[in-house]
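Asks: Can you read through this structure? Questions will come right after.
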Amino acid sequence: MELEVRHLRAVCAIADTGSLHKAARQLGMSQPSLTTQLRRIEDSIGGRLFARERTGCRPTPLGRVLLSRARPLVAEMQELVTEAKAVAARAGDGPDLRIGSTASRAIPGWLRRLRARHAQARPSIQTDVSADALVRLVAEGQLDVAFVHEVEGSPLRLPRGLAHRVLVEREPQFVSLAADHPATAQETVRLGDLAGEQWMIDPTVDGERAGLLRMLREAGIDPRVLHGDYLTTATLVTTGDVVTVCQPTSLGRPGMAIRPLEGDPLGVRLLLVGRTEQELDRAYDDLEAAYWEAAWEAAEYRAWLRRRPGGGRGRAA
């Protein structure tokens, strides 16, 4: 077996994440497939590259030698691919503006503004629950910009060379609960009033589970956390079976109430990441306008913003 760039990329991903599971997710493959690939690489080299420990994967001395040579090769190849794709895009071999985003109500308004402002831009959109995955696509030249959410305590891994701008330094996360829940009688909800509730989150959203657990444990709550996708979670919120954190721009649905949390214990930083400052220039202003439009449409967020010093940002409703 001859080592290829993809094999070196896999070895670097395992070392960077310290986990076969996380590396497989980063590479877009299953863990069994990555495990098999690693075994073949080790067989080809003639030694183990990682020691499998209870806390994860740690490079062996042989692994550290290979990594010292592999990292610059992988980085150089990535730069080559990114440059080639940028040239192809400028030559008209694809949409002029390829954007990515984690879930946000700002997306429709962003696309509408981009199409109106750049008649020939033909913006395309790709969404993903993983901010790190979208950032990686920007670094690889598959996206021009990505609007991503960075949960407090779980910083994004921004590859060298990427540009970024902060849209909102700290967006408070609200709580979504059944409309007839006693806590909805208050303007803001105390976490203590939800101590006996089951929480549900999507575990594939980068940093969300860790952020939720930290918030609840700091409040002295030992939570029961269930896993589910956004659609299932929303349905179970309306029936009173679970509560969940949500973006403040959320509008909810019949049977659901959205409230700020007392003290704003959980925040998210909103970023626009791009390959170049020029590409950020093309997309940022329209994203900013779309975000604040969505913010002022959400009654609870609008009220929260008006309680801030200066009455919040964006246009008044």
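Within each chain, counting starts at residue 1; across the structure tokens, chains are named A, B, ... in the order shown, with ligands numbered 1 upward in that order.
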Find the residues near region 151-154 of chain A: any atom within 10 Å, counting only C-alpha atoms, skip ones fewer than 5 places away on the same chain, and give them as an MDAnalysis selection string.

Replies: chainID A and resid 131 170:171 173 205:212 214 265:270

Asks: With C-alpha atoms kept, could you save the residues just selected as a PDB file, in the first residue's frame?

Replies:
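For reference, result-v2.pdb as written:
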ATOM      1  CA  ALA A 131     -19.837  24.979  12.248  1.00  0.00           C
ATOM      2  CA  ARG A 170     -22.487  37.293  22.305  1.00  0.00           C
ATOM      3  CA  GLU A 171     -25.996  36.299  21.282  1.00  0.00           C
ATOM      4  CA  GLN A 173     -29.608  31.680  24.005  1.00  0.00           C
ATOM      5  CA  VAL A 205     -24.472  20.562  16.752  1.00  0.00           C
ATOM      6  CA  ASP A 206     -20.884  21.504  17.636  1.00  0.00           C
ATOM      7  CA  GLY A 207     -20.565  22.558  21.265  1.00  0.00           C
ATOM      8  CA  GLU A 208     -24.279  22.543  22.089  1.00  0.00           C
ATOM      9  CA  ARG A 209     -24.319  19.593  24.482  1.00  0.00           C
ATOM     10  CA  ALA A 210     -21.215  20.785  26.326  1.00  0.00           C
ATOM     11  CA  GLY A 211     -22.630  24.296  26.608  1.00  0.00           C
ATOM     12  CA  LEU A 212     -25.976  23.097  27.937  1.00  0.00           C
ATOM     13  CA  ARG A 214     -22.051  23.530  31.725  1.00  0.00           C
ATOM     14  CA  PRO A 265     -26.180  32.067  31.210  1.00  0.00           C
ATOM     15  CA  LEU A 266     -25.440  30.720  27.730  1.00  0.00           C
ATOM     16  CA  GLY A 267     -24.157  32.705  24.767  1.00  0.00           C
ATOM     17  CA  VAL A 268     -23.104  32.122  21.180  1.00  0.00           C
ATOM     18  CA  ARG A 269     -20.731  34.160  19.028  1.00  0.00           C
ATOM     19  CA  LEU A 270     -21.855  34.688  15.433  1.00  0.00           C
TER      20      LEU A 270
END

Asks: Could you list, as a list in words, every residue within 9 Å of Ala195 (chain A), counting only C-alpha atoms and ignoring same-chain residues fewer than 3 positions away?

Replies: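 Surrounding residues, per the criterion: Leu191, Gly192, Gln198, Leu216, Gly220, Ile221, Asp222 and Pro223 of chain A.
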
Asks: For Leu134 (chain A), which residue out of A:Arg98, A:Arg64, A:Arg117, A:Arg105 is the nearest one, using only C-alpha atoms?

Replies: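 So, comparing all the options, the nearest one is A:Arg98.
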
Asks: Considering only C-alpha atoms, can you say which of A:Glu293, A:Glu197, A:Glu79, A:Asp180 comes closest to Glu140 (chain A)?

Replies: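 Using only C-alpha atoms, Glu140 (chain A) sits closest to A:Glu79.
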
Asks: Please identify which residues in region 230-262 of chain A DSSP calls helix (DSSP H, G or I) from the backbone, and express them as JSON, numbers by chain.

Replies: {"A": [230, 231, 232, 233, 234, 235, 236, 237, 238]}

Asks: Find the residues around region 226-241 of chain A up to 12 Å (only C-alpha atoms counted), leave out those fewer than 6 positions away in its own chain, and share them as an MDAnalysis selection string.

Replies: chainID A and resid 103 129 175:182 194 196:205 208:209 212:213 247 250:258

Asks: Dump N, CA and C atoms for the selected residues as a CSV table (one decimal), in the first residue's frame?

Replies:
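To be explicit, this is the file written out as out-v1.csv:
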chain,number,residue,atom,x,y,z
A,103,ALA,N,-27.9,26.7,11.2
A,103,ALA,CA,-29.3,27.1,11.2
A,103,ALA,C,-29.5,28.5,11.6
A,129,VAL,N,-25.3,21.4,10.4
A,129,VAL,CA,-25.3,21.7,11.9
A,129,VAL,C,-24.0,21.9,12.5
A,175,VAL,N,-34.8,29.9,26.0
A,175,VAL,CA,-35.4,28.6,26.2
A,175,VAL,C,-36.7,28.4,25.5
A,176,SER,N,-37.0,27.3,25.0
A,176,SER,CA,-38.2,26.9,24.3
A,176,SER,C,-38.9,25.9,25.2
A,177,LEU,N,-40.2,26.2,25.5
A,177,LEU,CA,-40.9,25.4,26.4
A,177,LEU,C,-42.4,25.4,26.1
A,178,ALA,N,-43.2,24.5,26.7
A,178,ALA,CA,-44.6,24.5,26.3
A,178,ALA,C,-45.3,25.8,26.7
A,179,ALA,N,-46.3,26.2,25.9
A,179,ALA,CA,-46.9,27.4,26.2
A,179,ALA,C,-47.6,27.5,27.5
A,180,ASP,N,-48.1,26.4,28.0
A,180,ASP,CA,-48.8,26.4,29.3
A,180,ASP,C,-47.9,26.1,30.5
A,181,HIS,N,-46.5,26.1,30.3
A,181,HIS,CA,-45.6,25.8,31.4
A,181,HIS,C,-45.7,27.0,32.4
A,182,PRO,N,-45.7,26.7,33.7
A,182,PRO,CA,-45.9,27.8,34.7
A,182,PRO,C,-44.8,28.9,34.6
A,194,LEU,N,-36.8,25.2,36.1
A,194,LEU,CA,-36.8,24.1,35.1
A,194,LEU,C,-36.0,22.9,35.6
A,196,GLY,N,-36.6,20.3,37.2
A,196,GLY,CA,-37.1,18.9,37.1
A,196,GLY,C,-37.5,18.5,35.6
A,197,GLU,N,-37.1,19.4,34.7
A,197,GLU,CA,-37.5,19.1,33.3
A,197,GLU,C,-36.4,18.2,32.6
A,198,GLN,N,-36.9,17.5,31.6
A,198,GLN,CA,-36.0,16.9,30.6
A,198,GLN,C,-35.6,17.8,29.5
A,199,TRP,N,-34.3,17.9,29.2
A,199,TRP,CA,-33.8,18.7,28.2
A,199,TRP,C,-33.5,17.9,27.0
A,200,MET,N,-33.8,18.4,25.8
A,200,MET,CA,-33.4,17.7,24.6
A,200,MET,C,-32.6,18.6,23.7
A,201,ILE,N,-31.5,18.0,23.1
A,201,ILE,CA,-30.7,18.8,22.2
A,201,ILE,C,-30.3,17.9,21.0
A,202,ASP,N,-29.8,18.5,19.9
A,202,ASP,CA,-29.3,17.8,18.8
A,202,ASP,C,-27.8,17.6,19.1
A,203,PRO,N,-27.3,16.3,19.3
A,203,PRO,CA,-25.9,16.2,19.7
A,203,PRO,C,-24.9,16.4,18.6
A,204,THR,N,-25.4,16.5,17.3
A,204,THR,CA,-24.5,16.8,16.2
A,204,THR,C,-24.1,18.2,16.1
A,205,VAL,N,-24.8,19.1,16.8
A,205,VAL,CA,-24.5,20.6,16.8
A,205,VAL,C,-23.2,20.8,17.6
A,208,GLU,N,-23.0,22.3,21.4
A,208,GLU,CA,-24.3,22.5,22.1
A,208,GLU,C,-24.5,21.7,23.4
A,209,ARG,N,-24.1,20.4,23.3
A,209,ARG,CA,-24.3,19.6,24.5
A,209,ARG,C,-23.4,20.1,25.6
A,212,LEU,N,-24.8,23.3,27.1
A,212,LEU,CA,-26.0,23.1,27.9
A,212,LEU,C,-25.6,22.5,29.3
A,213,LEU,N,-24.8,21.5,29.3
A,213,LEU,CA,-24.4,20.8,30.5
A,213,LEU,C,-23.7,21.8,31.5
A,247,GLN,N,-32.3,29.6,19.6
A,247,GLN,CA,-31.8,30.9,19.2
A,247,GLN,C,-32.9,32.0,19.5
A,250,SER,N,-35.8,32.8,17.1
A,250,SER,CA,-36.8,31.8,16.8
A,250,SER,C,-38.2,32.4,17.0
A,251,LEU,N,-39.1,31.9,16.2
A,251,LEU,CA,-40.5,32.4,16.3
A,251,LEU,C,-41.5,31.5,17.0
A,252,GLY,N,-41.0,30.2,17.2
A,252,GLY,CA,-41.8,29.3,17.8
A,252,GLY,C,-43.0,28.7,16.9
A,253,ARG,N,-43.9,28.1,17.5
A,253,ARG,CA,-45.1,27.5,16.8
A,253,ARG,C,-46.2,27.4,17.8
A,254,PRO,N,-47.4,27.1,17.4
A,254,PRO,CA,-48.6,26.9,18.3
A,254,PRO,C,-48.2,25.9,19.4
A,255,GLY,N,-48.5,26.3,20.6
A,255,GLY,CA,-48.3,25.4,21.8
A,255,GLY,C,-46.9,25.6,22.4
A,256,MET,N,-46.1,26.5,21.8
A,256,MET,CA,-44.7,26.7,22.3
A,256,MET,C,-44.5,28.1,22.7
A,257,ALA,N,-43.7,28.3,23.7
A,257,ALA,CA,-43.4,29.7,24.2
A,257,ALA,C,-41.8,29.8,24.2
A,258,ILE,N,-41.3,30.9,23.9
A,258,ILE,CA,-39.9,31.2,23.9
A,258,ILE,C,-39.6,32.3,24.9
